[in-house]
2 protein chains.
Amino acid sequence: MAVLVSISNNTPHILTLEHGCSFPSGPLMVEHRSLQKGMRNWVEHQTGLKLGHTEQLYTFADPLHGHGHQRVQISYMAFIRQNCDHSLAERSIYDYFPWEDRRDTTSCPLLHTIATRLKQWAADNTQRWQRCTTVFGLENHIWNDELSLQRYELLWEAGLVPESSWQNGAHLPGLSMHRDYRRILATALSRMRAKIRYTPAVFDLLPRQFTLLQLQQAMEALAGCAMHKQNFRRLVQQQKLVSRTAEYDSSPQGRPAQLYQFAPETAEHCYLAGAKLPLPAIS
Amino acid sequence: MAVLVSISNNTPHILTLEHGCSFPSGPLMVEHRSLQKGMRNWVEHQTGLKLGHTEQLYTFADPLHGHGHQRVQISYMAFIRQNCDHSLAERSIYDYFPWEDRRDTTSCPLLHTIATRLKQWAADNTQRWQRCTTVFGLENHIWNDELSLQRYELLWEAGLVPESSWQNGAHLPGLSMHRDYRRILATALSRMRAKIRYTPAVFDLLPRQFTLLQLQQAMEALAGCAMHKQNFRRLVQQQKLVSRTAEYDSSPQGRPAQLYQFAPETAEHCYLAGAKLPLPAIS
DNA sequence: GCTATATATACTCAATAAGAGCATATATAG
DNA sequence: CTATATATGCTCTTATTGAGTATATATAGC
């Protein structure tokens, strides 16, 4: 099972089947040297895509409906370069987790709803409310973009998503998926946010040549929060992550942006985090 | 397959079988609700141990010797509280990776050896040498404790460990394991170093009550580098991670240290990194 | 009681790194 | 010439962190 991630319209998307309800998947092939090679192989056959940065997410027992059997599912996450052709349906990751996109924070009504309903759920259980505040960055806590899985699990426990068996009252907006696939997606989101921060994995999502603004917007799209332009560029250029090319972007308007390319000298490690815009604490 | 980690003698240890060459392992049980539950179950049956922080490491295809078949191996890492009784043989993690223990950096001859041999291997391949310097913190790079897997893989590629098929000349000191289990162990080391930094997982390795020095020494043991005492305490107490108990350590000599316990209010997230002692760059 | 020892604390200080703002340069379309 | 959108340069404040100095506290042994 593969969570295939790409960026379009400045938003992270996944490639889905069954109207956005499941991921492409394939068989465990014995003849391949490794499981990852096998996965690359069937993804390529199904979609014709070349995969960039790839990592294993999680292996779990998938109860086959109807039978008393279980099947082992191994989930992967892989990055796909922008503007690649394929036949699968793209969905925005934030269609599944609207609360994870905080790029536009000018009054975020959804988070208010969540806070209110979580407070109802926590009631007078202070430890439970403590968890809510740290995970959702409420009160005087700060929002941590890598806690997307914990947030989803908290909403699940609180019965605010349709997947919860004891779901009571209106659930939150956001597309659902089959089985516990939305949980896998939350895991993938958390992983990709961690990965782009400390490794040059973003460059596998961008075209070979890109403007610094495109790079920043890709980071913002994945992290789900806006960044300070000057500080971001300071960070990128200090680390010599990119080198300028001779070409310029043929943008419709304004000064043409210089095109850059990834300079893979520092391939193992980098730091692309900081430079955030102020995220007002929501109480 | 489970990498069971505990701390004794201020050093991280793993529980092993076959003279330190393999990990305890058990069957995939269909009747359990999740794979992790199943793993906990057979570990408990084999060893009688209660597991603390547990996470899945990696799933891989294990070629069964002799047959043309493969088997799927799911590896886990789990923490075990100090002073627990069990029947398995303990081995220091640093018996397998001597270069990963940098707590005593007063002239480290092994890293000099590694640097020399890697330089021979890199020869005039500058990109290769670049990788060596970033991963091993050579020249003006800093040592990153979480890159233990990359370091092992680099040594493997360079033919400096006995597992490399093209291993040429004398290999580095350090115990080996069956199959590619030492690679799994390197993954586990990297993961545990990352985990203790951002979560309160260390507390699953310590006794319920511990002194701040014990806590620091546990962190140092896992991270493989020494820390600055005052700064470490500042960090721990700023975050209110621990609360003092009424009791004191009955130490043989010196002022008795106060015993603390984990204060799980901040259960989801914390930061226990900094406060390192200077690590001289080795060139 | 004095000393050696090992711990526990209290501060200070300098060097970065990070967040945030202001200003200006540059190119294009209309 | 102007509106627009981008690309840069520079400053300033604040928080964090690495590192050092000094001192307080309790115990065991003499």
# chains A, B, ... in the order shown; residues from 1 in each chain; ligands from 1

call {"tool": "interface_residues", "arguments": {"of": "chain D", "to": "chain A", "cutoff": "12 Å", "atoms": "only C-alpha atoms (C1' of nucleotides)", "output": "JSON list (two decimals) with N, CA and C atoms (P, O5', C5', C4', C3', O3' and C1' of nucleotides), in the first residue's frame"}}
result
[["chain", "number", "residue", "atom", "x", "y", "z"],
["D", 3, "DA", "P", 0.00, 53.69, -9.65],
["D", 3, "DA", "O5'", -0.56, 52.20, -9.64],
["D", 3, "DA", "C5'", -1.33, 51.73, -10.75],
["D", 3, "DA", "C4'", -1.12, 50.24, -10.93],
["D", 3, "DA", "C3'", -1.03, 49.46, -9.62],
["D", 3, "DA", "O3'", -1.86, 48.30, -9.72],
["D", 3, "DA", "C1'", 0.85, 48.98, -10.96],
["D", 4, "DT", "P", -2.02, 47.29, -8.49],
["D", 4, "DT", "O5'", -0.94, 46.17, -8.84],
["D", 4, "DT", "C5'", -0.95, 45.58, -10.13],
["D", 4, "DT", "C4'", 0.16, 44.54, -10.22],
["D", 4, "DT", "C3'", 0.38, 43.77, -8.92],
["D", 4, "DT", "O3'", 0.35, 42.38, -9.19],
["D", 4, "DT", "C1'", 2.43, 44.56, -9.78],
["D", 5, "DA", "P", 0.08, 41.35, -7.98],
["D", 5, "DA", "O5'", 1.38, 40.45, -8.03],
["D", 5, "DA", "C5'", 1.86, 39.95, -9.27],
["D", 5, "DA", "C4'", 3.33, 39.67, -9.13],
["D", 5, "DA", "C3'", 3.68, 39.01, -7.79],
["D", 5, "DA", "O3'", 4.38, 37.79, -8.00],
["D", 5, "DA", "C1'", 5.08, 40.87, -8.22],
["D", 6, "DT", "P", 4.68, 36.85, -6.77],
["D", 6, "DT", "O5'", 6.25, 36.69, -6.78],
["D", 6, "DT", "C5'", 6.93, 36.55, -8.02],
["D", 6, "DT", "C4'", 8.17, 37.38, -8.00],
["D", 6, "DT", "C3'", 9.22, 36.97, -6.99],
["D", 6, "DT", "O3'", 10.12, 36.04, -7.55],
["D", 6, "DT", "C1'", 9.12, 39.33, -7.33],
["D", 7, "DA", "P", 11.25, 35.39, -6.64],
["D", 7, "DA", "O5'", 12.33, 36.55, -6.47],
["D", 7, "DA", "C5'", 12.95, 37.10, -7.62],
["D", 7, "DA", "C4'", 14.04, 38.07, -7.18],
["D", 7, "DA", "C3'", 15.02, 37.52, -6.15],
["D", 7, "DA", "O3'", 16.32, 37.92, -6.52],
["D", 7, "DA", "C1'", 14.05, 39.49, -5.32],
["D", 8, "DT", "P", 17.58, 37.14, -6.01],
["D", 8, "DT", "O5'", 18.29, 38.23, -5.11],
["D", 8, "DT", "C5'", 17.57, 38.78, -4.05],
["D", 8, "DT", "C4'", 18.17, 40.09, -3.64],
["D", 8, "DT", "C3'", 19.11, 39.94, -2.47],
["D", 8, "DT", "O3'", 20.25, 40.76, -2.64],
["D", 8, "DT", "C1'", 17.29, 41.35, -1.90],
["D", 9, "DG", "P", 21.51, 40.47, -1.69],
["D", 9, "DG", "O5'", 21.52, 41.75, -0.74],
["D", 9, "DG", "C5'", 21.02, 43.00, -1.23],
["D", 9, "DG", "C4'", 20.96, 43.98, -0.07],
["D", 9, "DG", "C3'", 21.86, 43.61, 1.09],
["D", 9, "DG", "O3'", 22.53, 44.77, 1.56],
["D", 9, "DG", "C1'", 19.63, 43.81, 1.85],
["D", 10, "DC", "P", 23.72, 44.65, 2.62],
["D", 10, "DC", "O5'", 23.09, 45.24, 3.96],
["D", 10, "DC", "C5'", 22.07, 46.22, 3.87],
["D", 10, "DC", "C4'", 21.29, 46.34, 5.17],
["D", 10, "DC", "C3'", 22.05, 45.93, 6.43],
["D", 10, "DC", "O3'", 22.20, 47.08, 7.24],
["D", 10, "DC", "C1'", 19.82, 45.08, 6.43]]

call {"tool": "residues_around", "arguments": {"residues": "DT14 in chain D", "least_positions_apart": "2", "cutoff": "12 Å", "atoms": "only C-alpha atoms (C1' of nucleotides)", "output": "PDB file with C-alpha atoms (C1' of nucleotides), in the first residue's frame"}}
result
ATOM      1  C1'  DT C  16      24.116  32.143  17.992  1.00  0.00           C
ATOM      2  C1'  DA C  17      19.848  31.404  15.941  1.00  0.00           C
ATOM      3  C1'  DA C  18      15.244  32.761  15.141  1.00  0.00           C
ATOM      4  C1'  DG C  19      11.359  35.733  14.705  1.00  0.00           C
ATOM      5  C1'  DA C  20       9.836  39.966  12.740  1.00  0.00           C
TER       6       DA C  20
ATOM      7  C1'  DC D  12      16.731  44.804  15.704  1.00  0.00           C
ATOM      8  C1'  DT D  16      18.114  29.533  23.400  1.00  0.00           C
TER       9       DT D  16
END

call {"tool": "interface_residues", "arguments": {"of": "chain C", "to": "chain B", "cutoff": "8 Å", "atoms": "only C-alpha atoms (C1' of nucleotides)", "output": "ChimeraX atom specification"}}
result
/C:5-8

call {"tool": "residues_around", "arguments": {"residues": "Ser8 in chain B", "least_positions_apart": "3", "cutoff": "8 Å", "atoms": "only C-alpha atoms (C1' of nucleotides)", "output": "list in words"}}
result
Thr11, Pro12, His13, Gln82 and Asn83 of chain B

call {"tool": "closest_residue", "arguments": {"among": "B:Ala122, B:Leu172, B:Leu35, B:Ala223", "to": "chain A", "atoms": "only C-alpha atoms"}}
result
B:Leu35

call {"tool": "residues_around", "arguments": {"residues": "Trp156 in chain A", "least_positions_apart": "2", "cutoff": "12 Å", "atoms": "only C-alpha atoms (C1' of nucleotides)", "output": "mmCIF file with N, CA and C atoms, in the first residue's frame"}}
result
data_model
loop_
_atom_site.group_PDB
_atom_site.id
_atom_site.type_symbol
_atom_site.label_atom_id
_atom_site.label_comp_id
_atom_site.auth_asym_id
_atom_site.auth_seq_id
_atom_site.Cartn_x
_atom_site.Cartn_y
_atom_site.Cartn_z
ATOM 1 N N LEU A 118 -13.761 19.536 21.958
ATOM 2 C CA LEU A 118 -12.807 18.797 22.788
ATOM 3 C C LEU A 118 -12.998 19.152 24.254
ATOM 4 N N TRP A 121 -15.713 17.220 25.574
ATOM 5 C CA TRP A 121 -15.315 15.829 25.761
ATOM 6 C C TRP A 121 -14.441 15.676 27.011
ATOM 7 N N LEU A 149 -0.715 12.964 13.572
ATOM 8 C CA LEU A 149 -1.268 11.663 13.964
ATOM 9 C C LEU A 149 -1.921 11.735 15.343
ATOM 10 N N GLN A 150 -1.228 12.349 16.285
ATOM 11 C CA GLN A 150 -1.801 12.479 17.630
ATOM 12 C C GLN A 150 -3.106 13.261 17.596
ATOM 13 N N ARG A 151 -3.181 14.271 16.735
ATOM 14 C CA ARG A 151 -4.420 15.043 16.634
ATOM 15 C C ARG A 151 -5.551 14.176 16.109
ATOM 16 N N TYR A 152 -5.252 13.416 15.060
ATOM 17 C CA TYR A 152 -6.292 12.553 14.516
ATOM 18 C C TYR A 152 -6.748 11.527 15.558
ATOM 19 N N GLU A 153 -5.787 10.961 16.264
ATOM 20 C CA GLU A 153 -6.143 9.950 17.268
ATOM 21 C C GLU A 153 -6.971 10.552 18.395
ATOM 22 N N LEU A 154 -6.655 11.785 18.741
ATOM 23 C CA LEU A 154 -7.427 12.453 19.788
ATOM 24 C C LEU A 154 -8.855 12.686 19.327
ATOM 25 N N ALA A 158 -12.238 11.110 20.856
ATOM 26 C CA ALA A 158 -13.310 12.006 21.299
ATOM 27 C C ALA A 158 -14.604 11.780 20.515
ATOM 28 N N GLY A 159 -14.528 10.883 19.547
ATOM 29 C CA GLY A 159 -15.729 10.585 18.767
ATOM 30 C C GLY A 159 -16.141 11.713 17.833
ATOM 31 N N LEU A 160 -15.188 12.485 17.352
ATOM 32 C CA LEU A 160 -15.520 13.617 16.484
ATOM 33 C C LEU A 160 -15.309 13.308 15.012
ATOM 34 N N VAL A 161 -14.844 12.105 14.708
ATOM 35 C CA VAL A 161 -14.703 11.698 13.307
ATOM 36 C C VAL A 161 -15.632 10.509 13.066
ATOM 37 N N PRO A 162 -16.113 10.366 11.834
ATOM 38 C CA PRO A 162 -17.098 9.317 11.564
ATOM 39 C C PRO A 162 -16.563 7.913 11.805
ATOM 40 N N GLU A 163 -15.237 7.721 11.775
ATOM 41 C CA GLU A 163 -14.680 6.390 11.980
ATOM 42 C C GLU A 163 -14.860 5.887 13.412
ATOM 43 N N SER A 164 -14.963 6.793 14.350
ATOM 44 C CA SER A 164 -15.120 6.350 15.741
ATOM 45 C C SER A 164 -16.424 5.583 15.871
ATOM 46 N N SER A 165 -16.348 4.454 16.519
ATOM 47 C CA SER A 165 -17.552 3.635 16.633
ATOM 48 C C SER A 165 -18.601 4.326 17.508
ATOM 49 N N TRP A 166 -18.131 5.078 18.508
ATOM 50 C CA TRP A 166 -19.072 5.729 19.419
ATOM 51 C C TRP A 166 -19.327 7.183 19.027
ATOM 52 N N GLN A 167 -19.113 7.447 17.748
ATOM 53 C CA GLN A 167 -19.251 8.814 17.290
ATOM 54 C C GLN A 167 -20.641 9.344 17.624
ATOM 55 N N ASN A 168 -20.654 10.460 18.315
ATOM 56 C CA ASN A 168 -21.915 11.025 18.797
ATOM 57 C C ASN A 168 -22.083 12.443 18.260
ATOM 58 N N HIS A 171 -20.125 15.071 13.172
ATOM 59 C CA HIS A 171 -18.671 14.932 13.124
ATOM 60 C C HIS A 171 -18.058 16.114 12.386
ATOM 61 N N LEU A 172 -16.753 16.222 12.499
ATOM 62 C CA LEU A 172 -16.039 17.345 11.883
ATOM 63 C C LEU A 172 -16.029 17.202 10.370
ATOM 64 N N SER A 176 -13.443 11.059 4.625
ATOM 65 C CA SER A 176 -13.039 9.862 5.337
ATOM 66 C C SER A 176 -12.472 8.855 4.335
ATOM 67 N N ASP A 180 -8.945 1.802 8.366
ATOM 68 C CA ASP A 180 -8.264 2.858 9.120
ATOM 69 C C ASP A 180 -7.225 3.550 8.241
ATOM 70 N N ARG A 182 -7.368 6.443 6.918
ATOM 71 C CA ARG A 182 -7.141 7.849 7.235
ATOM 72 C C ARG A 182 -6.089 7.985 8.335
ATOM 73 N N ARG A 183 -5.996 6.967 9.160
ATOM 74 C CA ARG A 183 -4.959 6.964 10.186
ATOM 75 C C ARG A 183 -3.575 6.824 9.531
ATOM 76 N N ALA A 186 -2.649 10.116 8.197
ATOM 77 C CA ALA A 186 -2.179 11.018 9.245
ATOM 78 C C ALA A 186 -0.735 10.703 9.617
#

call {"tool": "select_by_dssp", "arguments": {"residues": "range 95-189 of chain A", "states": "helix (DSSP H, G or I)", "output": "ChimeraX atom specification"}}
result
/A:95-96,98-100,109-122,126-136,145-157,181-189

call {"tool": "residues_around", "arguments": {"residues": "Pro109 in chain B", "least_positions_apart": "4", "cutoff": "12 Å", "atoms": "only C-alpha atoms (C1' of nucleotides)", "output": "VMD selection string"}}
result
chain B and resid 98 to 99 102 104 to 105 113 to 116 172 to 173 282 to 283

call {"tool": "select_by_dssp", "arguments": {"residues": "range 5-108 of chain A", "states": "strand (DSSP E or B)", "output": "VMD selection string"}}
result
chain A and resid 5 to 8 11 to 17 22 54 to 63 70 to 79 89 to 92 102

call {"tool": "residues_around", "arguments": {"residues": "Arg191 in chain A", "least_positions_apart": "6", "cutoff": "9 Å", "atoms": "only C-alpha atoms (C1' of nucleotides)", "output": "PyMOL selection string"}}
result
chain A and resi 57+77+146

call {"tool": "closest_residue", "arguments": {"among": "B:His141, B:Arg131, B:His86, B:His112", "to": "chain A", "atoms": "only C-alpha atoms"}}
result
B:Arg131

call {"tool": "closest_residue", "arguments": {"among": "A:Tyr58, A:Tyr260, A:Tyr198, A:Trp42", "to": "chain B", "atoms": "only C-alpha atoms"}}
result
A:Tyr58

call {"tool": "residues_around", "arguments": {"residues": "DC13 in chain C", "least_positions_apart": "4", "cutoff": "12 Å", "atoms": "only C-alpha atoms (C1' of nucleotides)", "output": "PyMOL selection string"}}
result
chain D and resi 17-21

call {"tool": "write_last_selection", "arguments": {"atoms": "C-alpha atoms (C1' of nucleotides)", "output": "mmCIF file, in the first residue's frame"}}
result
data_model
loop_
_atom_site.group_PDB
_atom_site.id
_atom_site.type_symbol
_atom_site.label_atom_id
_atom_site.label_comp_id
_atom_site.auth_asym_id
_atom_site.auth_seq_id
_atom_site.Cartn_x
_atom_site.Cartn_y
_atom_site.Cartn_z
ATOM 1 C "C1'" DT D 17 22.182 27.213 24.304
ATOM 2 C "C1'" DG D 18 26.805 26.229 25.244
ATOM 3 C "C1'" DA D 19 30.122 26.975 28.824
ATOM 4 C "C1'" DG D 20 32.115 28.709 33.025
ATOM 5 C "C1'" DT D 21 32.542 30.077 38.091
#
